[in-house]
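J.: What follows is a single structure, and I will ask about it in a moment.
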Amino acid sequence: MFLVAMHARMESTFLFTFLTTFCGSSYGTWKTSFHVNHENKVEKTSSSSQPHIVFIMVDDQGFRDVGYHGSEIKTPTLDRLAATGVKLENYYVQPLCSPSRSQLMTGRYQIHTGLQHSIIRPTQPNCLPLENITLPQKLKNAGYSTHMVGKWHLGFYKRGCMPTQRGFDTFFGSLLGSGDYYTHYKCDSPGMCGYDLHEGEEAAWEQDHGIYSTIMYTQKAVNILASHNPKHPIFLYLAYQAVHSPLQVPARYLERYKSIPNLHRRKYAAMVSCLDDAVRNVTLALKHYGYYDNTVLVYSSDNGGQPMAGGSNWPLRGSKGSYWEGGIRAVGFVHSPLLVKKGTSSRALIHITDWYPTLVMLGEGTLDENQSLDGYDVWEAISEGRPSPRLDILHNIDPIYTRAKNGSWKAGYGIWNTAIQAALRVGDWKLLTGVPGYSDWIPPQTFTTLLLANRWHKERVSLHRGKSIWLFNITADPYERVDLSQRYPHVVKKMLFRLLQYNKTAVPCRYPPKDYSSNPQYNGGVWGPWHMDVDDDDDDDDEDDNLLSYDFVKMKSLKKAKRRGKLKRKI
């Protein structure tokens with residue numbers, strides 16, 4: 001009882017300080033901006049050898065969009081955490097949202113989950129395949145309390161796909177890939193609009209106070225930390241919506257970037273600053289509530305930045321959605337008192353699939369031999385500076401992406417059809433085939449007074465007519481300026497053989513057509529599950545989950561909404 005009372009008293013004190021600190025227009029140093037009475041401060045109380053794990057995933061932050069990479073955007077918190085932790089400077093993710101998140105949650109490449117193509121769209125009857133054991137499921141089995149706050153984007157067409165069905169004890173956030181930061185509404189197309197803020201498996205109407213999502217998610221994360229007993233391990237997955245479009249931010253942050261003439265870049269920079277403040281307050285909460293000394297904090301962007309929406313990947317080539325370095329090389333670092341070597345920059349080759357085995361083993365969980373993981377345990381490489389066990393990365397093989405017009409088996413030496421979009425890294429070498437995506441280099445000076453300039457001051461890359469294969473030495477040429485495919489055909493052939501071997505292990509691609517019964521108007525105005533799981537209702541037993549008719553789903557959704565007292569809100 002004493003511990004509960006103490007936590008309640010501390011929570012009141014902390015939340016007042018948190019709100020005034022976060023919402024204020026000026027910020028002091030860490031030591032002076034967080035005022036807590038000494039008698040209310042929690043000392044380290046963790047009695048477990050299992051570390052607390054906080055994974056912060058941010059959305060669309062470009063490689064240059066952090067202070068320590070030379071950005072004009074001010075990120076003092078991220079800079080400080082990275083400088084006193086380990087910067088991951090050879091760290092890769094996927095070029096889009098759902099692919100990165102699926103690989104984080106499963107430790108498996110897209111070709112092994114069927115999510116090789118694009119993202120999971122709101123209207124698709126698709127989600128992270130249920131046969132995959134997720135990271136939170138593994139940590140939960142190891143004794144962790146598991147909580148998710150923020151963006152899911154791994155499908156929700158049926159209840160079994162929801163975060164709370166995939167290993168999280170609690171979930172507060174959005175199911176879609178984007179939406180309004182204040183109203184939490186999203187239109188996928190005209191007439192397909194709905195509300196997207198959820199508490200558990202229900203719409204979070206009562207929790208919605210019109211607060212900017214970066215602030216709202218931070219408050220929720222702090223509440224979770226305040227209510228949990230730090231003697232027991234916790235896994236907190238904080239997946240911010242920021243800094244994905246739409247470009248929205250509290251006005252006070254815009255004042256810091258009046259010198260940036262391009263409105264898109266100015267808003268984007270302000271969003272990053274707000275995000276930096278959010279991470280700062282999460283870190284302060286970890287310290288205040290007694291977690292910090294036994295916490296591993298991982299920070300990662302989910303893909304490269306989108307220049308047309310204010311992001312910057314300079315000096316890397318390409319952008320979000322491409323397999324050039326600008327689309328897949330990410331901002332990432334680890335901050336923890338548990339690191340053996342702090343204040344370092346790691347050049348170890350690390351991929352987003354590696355977090356699964358790394359965090360499970362850190363959490364004293366178990367990995368099954370039949371899981372066929374593509375990730376490696378890279379903790380010693382990060383913490384102690386040892387060589388990475390990873391020697392290659394399959395960035396992807398997408399069998400249904402637009403094919404290169406000039407690609408052929410002949411261009412692939414009879415080994416591989418170079419019309420197919422694929423990307424592979426082996427040691428220092430990187431091979432691309434097909435259509436890799438947007439391929440220009442966009443230097444900072446392109447951000448002019450024009451909102452959407454038709455003529456960028458950038459290095460325009462020709463279409464390379466007749467070209468469908470590229471080879472780069474990424475260690476020597478990280479900016480992908482010198483194609484070596486003609487100079488080293490023997491290297492190309494070896495890598496094409498490796499692609500071929502990977503492709504033999506691929507499962508069929510899951511990318512179903514749009515299902516009009518997903519329309520939120522049939523679900524109380526809310527984006528949410530529209531296919532009925534067998535155990536959802538007693539009278540659904542005779543229905544095939546994959547053969548539900550439009551009228552049946554509409555009727556069941558409306559009955560369900562009526563039973564739960566969910567009234568359709570005006571969109």
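Quick note on naming: the chains in the structure tokens go A, B, ... in the order shown, residues restart at 1 in each chain, and ligands are numbered from 1 in order of appearance.
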From a DSSP calculation on the backbone, collect every residue of stretch 94-333 of chain A in helix (DSSP H, G or I) and output the set as an MDAnalysis selection string.
T.: chainID A and resid 97:106 110:112 135:141 159:161 163:165 205:207 213:227 251:257 263:288 292:294 307:309 325:328
J.: Could you tell me how far atom CA of A:Lys493 sits from atom CA of A:Asn417, in Å to one decimal place?
T.: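 Going from atom CA of A:Asn417 over to atom CA of A:Lys493 covers 12.2 Å.
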J.: Given only C-alpha atoms as the basis, pick out the residue of A:Ser518, A:Thr433, A:Asn523, A:Asn90 nearest to A:Val492.
T.: A:Thr433
J.: Mind pulling up the distance from atom CA of A:Gly160 to atom CA of A:His52?
T.: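 Between these atoms lies a distance of 26.8 Å.
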J.: Quick one: everything within 10 Å of A:Pro337, counting only C-alpha atoms, minus sequence neighbours fewer than 2 positions away in the same chain. Send it as a ChimeraX atom specification.
T.: /A:84-85,292-297,335,339-342
J.: Quick one, how far is atom CA of A:Leu88 from atom CA of A:Leu104?
T.: 16.1 Å
J.: DSSP on the backbone: what in stretch 329-539 of chain A comes out strand (DSSP E or B), as a PyMOL selection string?
T.: chain A and resi 329+332-335+344-346+350-351+392-398+421-426+429-433+441+459+469-473+526+531
J.: Residues within 9 Å of A:Leu496, please, as an mmCIF file with N, CA and C atoms, in the first residue's frame. Count only C-alpha atoms; anything in the same chain fewer than 6 positions from it doesn't count.
T.:
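Saved file out.cif follows:
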```cif
data_model
loop_
_atom_site.group_PDB
_atom_site.id
_atom_site.type_symbol
_atom_site.label_atom_id
_atom_site.label_comp_id
_atom_site.auth_asym_id
_atom_site.auth_seq_id
_atom_site.Cartn_x
_atom_site.Cartn_y
_atom_site.Cartn_z
ATOM 1 N N GLY A 412 21.313 -9.932 -66.577
ATOM 2 C CA GLY A 412 21.667 -10.593 -65.326
ATOM 3 C C GLY A 412 22.461 -11.861 -65.537
ATOM 4 N N TYR A 413 23.160 -11.937 -66.666
ATOM 5 C CA TYR A 413 24.054 -13.055 -66.974
ATOM 6 C C TYR A 413 23.344 -14.411 -66.940
ATOM 7 N N ILE A 415 21.423 -15.394 -64.785
ATOM 8 C CA ILE A 415 21.253 -15.800 -63.385
ATOM 9 C C ILE A 415 19.987 -15.191 -62.792
ATOM 10 N N TRP A 416 19.718 -13.938 -63.183
ATOM 11 C CA TRP A 416 18.654 -13.154 -62.541
ATOM 12 C C TRP A 416 18.022 -12.229 -63.567
ATOM 13 N N LEU A 424 20.588 -5.803 -52.514
ATOM 14 C CA LEU A 424 21.342 -6.704 -51.650
ATOM 15 C C LEU A 424 22.657 -6.067 -51.236
ATOM 16 N N LEU A 431 24.283 -4.261 -54.416
ATOM 17 C CA LEU A 431 23.762 -4.503 -55.748
ATOM 18 C C LEU A 431 22.299 -4.087 -55.812
#
```
J.: Which one of A:Glu480, A:Glu131, A:Asp79, A:Asp515 sits closest to A:Asp276 if you count only C-alpha atoms?
T.: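 Result for the nearest residue to A:Asp276: A:Asp79.
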J.: Set the distance at 12 Å and use only C-alpha atoms: which residues neighbour A:Asn126 once local chain neighbours fewer than 2 positions away are removed? I'd like the list as a VMD selection string.
T.: chain A and resid 98 113 to 115 119 to 124 128 to 130 153 to 162 509 to 515 518 529 to 531 546
